[in-house]
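Notes for the one structure printed next.
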Amino acid sequence: MSQQAPQDRLPGQLDAQFNMTSDLVAGLRRRPGVGVVSGIGAYSENGKVKQYNTDMGGVSVSIVVDTGSGTLRVVEEDSGVLIATLTNPYLTAASARVIRLVTLNDAVWVCNVAQKPTVAASPDKALYPNPDRMGYFYIVTGQFSKEYRVTLTNRTTGVAVDVAYSTPSGGAAGDAALTAPEYIATQLATAGATAWAAYGLTISRTGAYVTLKSTTADLTVSSVSGSVYLRASNAGSIRDAAELPARLPAADGYIIATGSGNIKTYYRYDDARKVWVEDCAWADMVVMSNMPLQLLRSTLGVYTLVAPAYERRAAGDAKSNPVLKFATDGITGMAAFQGRLCMLSNEYACLSASDNPLRWFRSTLSAVADNDPIEVAAQGSLTAPYEYAVNFNKDLVMFSKRYQGIIPGGSLVTPRTANVALMTRYEVDTMAEPTAAGRSIFFGAPRSLGFVGVHEMVPSQYSDSQYVADDVTSHIPRYIQGPFRFMVSSTTSNIMVAGTNTQNELLIHEYLWSAAEKVHASWHKWQFAWPVLDAYFSGDVLVTLFGVDGELVICRIDMQRGAGDVSPTVPRLDFYTEATCTVAGKLSVPVIMNSLGTDLRAFKISGDNAYLGQKVFTSTTSGAFEVLDIPEAVPGDVYTVGYQFESSFTLTPPVIKDAKDVPITTTRAVLHRYRVSVANTGQFEYSVADAIRQTGDTATTPLRLYSQQLGAGLPLADTATVTIPARVDMRTALLTLSTDDYYDLNVRSIEYGFRYHQRFRRA
């Protein structure tokens, strides 16, 4: 398909092409039919349904999300069996565009970018005591003639109370026992029980270690006796972690800050193990919620949709270990990269811990761990949030409306090595996610007047982790009505498929690379009787989701169906199913077939008088099946039942060129006839027109009285050359070939017969 002037078109480009496929092997032929797999229930609206495919537990599944009802369906890909229907309010949204799905660690993560995460106090906070109302002191060593003084200050009122104990000089017998650390701690605790009674203190002692708990005031426990002799918790912050007490009675879960600078490291006392473990500040013990859901599959094949418990902050505080940008500014996209879950938030890319997608805080402040979460950013001069990220050629390529960024993945990405580079500045239609196809990435590009184009991004041949894009639809600027709804590509066949603003059609791009040159690039459309809500490729099979009268119907389009020598025996029917006759004169098909429409057709593909089609006039519903009346059907006969569809294409007017390949458009020429070589083709119609006249549709067929295909039981299709009369002005001549027959329209070549009078200048 091309919208250029005829003289500027490349050989093989057409004026129009619908429901055809530009097959590199067979040539131009009709597209495969749509095979019905199953109906999976009702849905809300066309724009609120999204489809995704993945493997879970070795089983290929389709995941269908309906944001109108907040429903997620899991469907077995091969059989179309509905495995699970799960509901969660998090999935409810005005459009399916806000839903992102990513597979990581054999689980599917489902994100609603319209839902903003929330940061709140962790439930763990209630398990630990308030450190502001606790403190401790302990005696490091005893000393003769030394005053040991502890000061308790009410931080709310500023009132301070002291208790002191002076050790003996050591001249009397037994003075050594009176300077033991345990004895000194006992004396101070006993005296403090009376002096500090106003604070509602509970005092616990084990050896030389004393813990104080208040029920009414925030405490500061300090001492002027010198850290060589006595150490205290101060206002819940000490200079060095080495000064932490070896034991602390009745203080399980007590958290204290260490460090002399602004960046504090916090430790929590674990009484069961009698150790201090790194933790976060008690006041900043937060956890994130309203985060992406997790779809899991058990070993028994049971699917569950859960809101996982994300890990709380486990080190530092709000300053030294802050929440990542997506938790405060919202999520604009989601991806997976090098085993990390990646959240996009405006110009930031936030990656989870490499071994735990539930952890979004640093695990320790003592060192930067390679598996810690990552936050990097890059923005252009025109701010636009990153909305999609595509894994491609070892890198993570991120797309916003106005620019593209990249996280190079040539080596392991860690908090020390991660960076985002602003790569290119292309305008992107972000209504549809870009798709990686072999050696390139396709993405939509907005045009004026509501049209869109397609750019193809490929790795730069000059530098690593650099990509360049070209507009591959510059010859069809007013062909694609935007915006795009989805874009998908096949990894086994060279084809890209996109859903346009016209919901009943698909944009098809078939291509072939040879070295660094794209030797085949075809753009055309497929049209259907019902809207295509979403699609994806499984190998070279396009799995499509149709909306038919309020019901979701999963279908399959096999790109190789009907190609080659088997072409005459494969009927061209849409929304078809195959059925075997078991009762004479009757044929049972799934009841969904009758709900698709009334113009149902049956094509016999085995048995006597095969390869003939007929309209089905009567049927009755019996449970999950529709019973069709086919009087000539006998048990064992196999039929394909479906609906006819029309395929057509219009040729570019022939252009006369001189020896230097320059078009000659000044002299009139008359086009007498076309000679169309077809293969495995049945009946089709042709229409010839020019700027002045137009003929009606005329039916013809490659079958002739001498054709060997006229034998009984053979398909009514043949391979031959058909002559089509024209007698029109060649410069504006148009030939349209179309068919809605059961057979193919496979055009191998077209020749022109014309009369042209070359004018020469007299000498």
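To be explicit about the labels: the chains of the structure tokens are called A, B, and onward in the order shown, and within each one the residues are counted from 1, while ligands get numbers from 1 in the order they are shown.
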Find the residues around Ser440 in chain A up to 8 Å (only C-alpha atoms counted), leave out those fewer than 2 positions away in its own chain, and share them as a PyMOL selection string.
-> chain A and resi 436-438+442+456-459
Just the selected residues (C-alpha atoms), exported as a PDB file, in the first residue's frame, please.
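Output contents, as saved in part24.pdb:
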```
ATOM      1  CA  ALA A 436      10.462  -5.264  19.943  1.00  0.00           C
ATOM      2  CA  ALA A 437      10.590  -7.260  16.710  1.00  0.00           C
ATOM      3  CA  GLY A 438      13.799  -9.106  15.926  1.00  0.00           C
ATOM      4  CA  PHE A 442       8.446  -0.303  16.446  1.00  0.00           C
ATOM      5  CA  GLU A 456      11.426   1.743  13.518  1.00  0.00           C
ATOM      6  CA  MET A 457      14.313   1.982  15.993  1.00  0.00           C
ATOM      7  CA  VAL A 458      17.497  -0.017  15.372  1.00  0.00           C
ATOM      8  CA  PRO A 459      20.902  -0.138  17.113  1.00  0.00           C
TER       9      PRO A 459
END
```
Mind listing the strand (DSSP E or B) residues of range 583-740 of chain A, per DSSP on the backbone, as a ChimeraX atom specification?
-> /A:586-590,601-604,613-615,619-622,625-629,638-643,647-650,656-657,663-664,669-681,684-689,694,698-700,718-729,734-739
Go ahead and dump the residues you just picked, C-alpha atoms, as a tab-separated table (two decimals), in the first residue's frame.
```tsv
chain	number	residue	atom	x	y	z
A	586	LYS	CA	-26.73	-32.89	11.81
A	587	LEU	CA	-23.61	-30.97	12.73
A	588	SER	CA	-22.81	-29.75	16.26
A	589	VAL	CA	-20.73	-26.59	16.74
A	590	PRO	CA	-20.12	-24.46	19.89
A	601	ARG	CA	-21.52	-21.10	6.10
A	602	ALA	CA	-20.45	-24.74	6.12
A	603	PHE	CA	-17.55	-25.97	3.94
A	604	LYS	CA	-17.01	-29.70	3.59
A	613	GLY	CA	-19.69	-24.70	0.64
A	614	GLN	CA	-23.28	-23.94	1.51
A	615	LYS	CA	-25.29	-21.55	3.63
A	619	SER	CA	-30.18	-24.55	13.62
A	620	THR	CA	-31.27	-25.42	17.14
A	621	THR	CA	-29.56	-24.82	20.47
A	622	SER	CA	-28.78	-27.84	22.63
A	625	PHE	CA	-23.77	-26.64	21.27
A	626	GLU	CA	-25.60	-25.36	18.25
A	627	VAL	CA	-26.98	-28.18	16.05
A	628	LEU	CA	-26.93	-27.32	12.34
A	629	ASP	CA	-29.12	-29.00	9.75
A	638	VAL	CA	-15.62	-33.03	8.50
A	639	TYR	CA	-16.86	-29.48	7.97
A	640	THR	CA	-15.45	-26.04	8.54
A	641	VAL	CA	-18.18	-23.69	9.72
A	642	GLY	CA	-17.72	-19.91	9.66
A	643	TYR	CA	-18.50	-16.64	7.91
A	647	SER	CA	-10.52	-9.61	0.24
A	648	SER	CA	-9.55	-6.98	-2.30
A	649	PHE	CA	-6.69	-4.97	-3.70
A	650	THR	CA	-6.34	-2.21	-6.28
A	656	ILE	CA	5.92	4.20	-18.74
A	657	LYS	CA	9.58	4.98	-18.09
A	663	PRO	CA	8.56	8.37	-15.85
A	664	ILE	CA	6.98	9.56	-19.11
A	669	ALA	CA	-1.35	5.48	-23.78
A	670	VAL	CA	-4.25	3.05	-23.92
A	671	LEU	CA	-4.30	0.01	-21.64
A	672	HIS	CA	-5.91	-2.85	-23.59
A	673	ARG	CA	-5.81	-5.76	-21.16
A	674	TYR	CA	-4.42	-7.24	-17.97
A	675	ARG	CA	-3.04	-10.75	-17.76
A	676	VAL	CA	-3.36	-11.94	-14.16
A	677	SER	CA	-1.51	-15.12	-13.16
A	678	VAL	CA	-3.22	-16.76	-10.19
A	679	ALA	CA	-2.56	-19.95	-8.24
A	680	ASN	CA	-5.02	-22.13	-6.32
A	681	THR	CA	-7.64	-19.45	-6.88
A	684	PHE	CA	-13.19	-13.64	-8.00
A	685	GLU	CA	-14.47	-10.30	-9.27
A	686	TYR	CA	-12.65	-7.59	-11.18
A	687	SER	CA	-13.46	-3.95	-11.81
A	688	VAL	CA	-11.63	-1.73	-14.30
A	689	ALA	CA	-11.81	2.07	-14.20
A	694	GLN	CA	-15.79	2.65	-14.61
A	698	THR	CA	-17.44	-8.85	-13.23
A	699	ALA	CA	-17.05	-12.39	-11.93
A	700	THR	CA	-14.44	-14.70	-13.42
A	718	ASP	CA	-7.12	-23.69	-10.31
A	719	THR	CA	-3.77	-22.22	-11.32
A	720	ALA	CA	-3.95	-20.30	-14.60
A	721	THR	CA	-3.62	-16.94	-16.33
A	722	VAL	CA	-6.79	-14.89	-16.62
A	723	THR	CA	-7.13	-12.16	-19.26
A	724	ILE	CA	-9.08	-9.09	-18.16
A	725	PRO	CA	-10.18	-6.61	-20.89
A	726	ALA	CA	-9.60	-2.95	-20.11
A	727	ARG	CA	-9.41	-0.34	-22.93
A	728	VAL	CA	-8.89	2.55	-20.51
A	729	ASP	CA	-6.47	5.42	-20.16
A	734	LEU	CA	-7.23	1.16	-11.86
A	735	LEU	CA	-7.86	-2.56	-11.57
A	736	THR	CA	-9.52	-3.92	-8.45
A	737	LEU	CA	-9.63	-7.63	-7.74
A	738	SER	CA	-11.86	-8.91	-4.96
A	739	THR	CA	-13.46	-12.10	-3.70
```
May I ask which of the residues A:Val74, A:Ala172, A:Leu230, A:Ile374 is the closest one to Glu147 in chain A, counting only C-alpha atoms?
-> A:Leu230
From A:Ala633, A:Ile605, A:Val119, A:Leu219, residue lying nearest Leu714 in chain A [only C-alpha atoms] | A:Ile605
Distance table requested - range 75-156 of chain A against range 221-224 of chain A, cut-off 12 Å, only C-alpha atoms: one row per qualifying residue with the closest atom pair and its distance in Å to one decimal, ordered by chain and rising residue number, as JSON lines.
```
{"residue": "A:Pro131", "atom": "CA", "partner": "A:Val221", "partner_atom": "CA", "distance": 11.7}
{"residue": "A:Asp132", "atom": "CA", "partner": "A:Val221", "partner_atom": "CA", "distance": 10.5}
{"residue": "A:Arg133", "atom": "CA", "partner": "A:Val221", "partner_atom": "CA", "distance": 10.2}
{"residue": "A:Met134", "atom": "CA", "partner": "A:Val221", "partner_atom": "CA", "distance": 8.6}
{"residue": "A:Gly135", "atom": "CA", "partner": "A:Val221", "partner_atom": "CA", "distance": 5.9}
{"residue": "A:Tyr136", "atom": "CA", "partner": "A:Val221", "partner_atom": "CA", "distance": 6.7}
{"residue": "A:Phe137", "atom": "CA", "partner": "A:Val221", "partner_atom": "CA", "distance": 7.2}
{"residue": "A:Tyr138", "atom": "CA", "partner": "A:Ser223", "partner_atom": "CA", "distance": 10.5}
{"residue": "A:Ile139", "atom": "CA", "partner": "A:Ser223", "partner_atom": "CA", "distance": 10.9}
{"residue": "A:Lys146", "atom": "CA", "partner": "A:Val224", "partner_atom": "CA", "distance": 11.7}
{"residue": "A:Glu147", "atom": "CA", "partner": "A:Val224", "partner_atom": "CA", "distance": 9.5}
{"residue": "A:Tyr148", "atom": "CA", "partner": "A:Ser223", "partner_atom": "CA", "distance": 8.0}
{"residue": "A:Arg149", "atom": "CA", "partner": "A:Ser223", "partner_atom": "CA", "distance": 5.8}
{"residue": "A:Val150", "atom": "CA", "partner": "A:Ser223", "partner_atom": "CA", "distance": 4.7}
{"residue": "A:Thr151", "atom": "CA", "partner": "A:Ser222", "partner_atom": "CA", "distance": 5.2}
{"residue": "A:Leu152", "atom": "CA", "partner": "A:Val221", "partner_atom": "CA", "distance": 4.9}
{"residue": "A:Thr153", "atom": "CA", "partner": "A:Val221", "partner_atom": "CA", "distance": 6.7}
{"residue": "A:Asn154", "atom": "CA", "partner": "A:Val221", "partner_atom": "CA", "distance": 9.3}
{"residue": "A:Arg155", "atom": "CA", "partner": "A:Val221", "partner_atom": "CA", "distance": 10.2}
```
Output C-alpha atoms of each residue in that selection to a file, as a compact mmCIF listing (two decimals), in the first residue's frame.
```txt
# COMPACT_ATOMS: atom_id res chain seq x y z
CA PRO A 131 12.71 4.50 71.98
CA ASP A 132 11.92 8.10 72.98
CA ARG A 133 10.56 6.78 76.27
CA MET A 134 13.41 4.40 76.91
CA GLY A 135 17.05 4.62 77.79
CA TYR A 136 19.87 2.77 79.42
CA PHE A 137 23.16 3.15 81.17
CA TYR A 138 25.83 0.65 82.08
CA ILE A 139 29.04 0.68 84.09
CA LYS A 146 35.09 8.11 91.68
CA GLU A 147 31.65 9.68 91.46
CA TYR A 148 29.28 7.89 89.08
CA ARG A 149 26.47 10.25 88.13
CA VAL A 150 23.45 9.62 85.87
CA THR A 151 21.15 12.45 84.74
CA LEU A 152 17.59 11.81 83.61
CA THR A 153 16.04 14.67 81.61
CA ASN A 154 12.39 15.04 80.66
CA ARG A 155 12.70 16.31 77.09
```
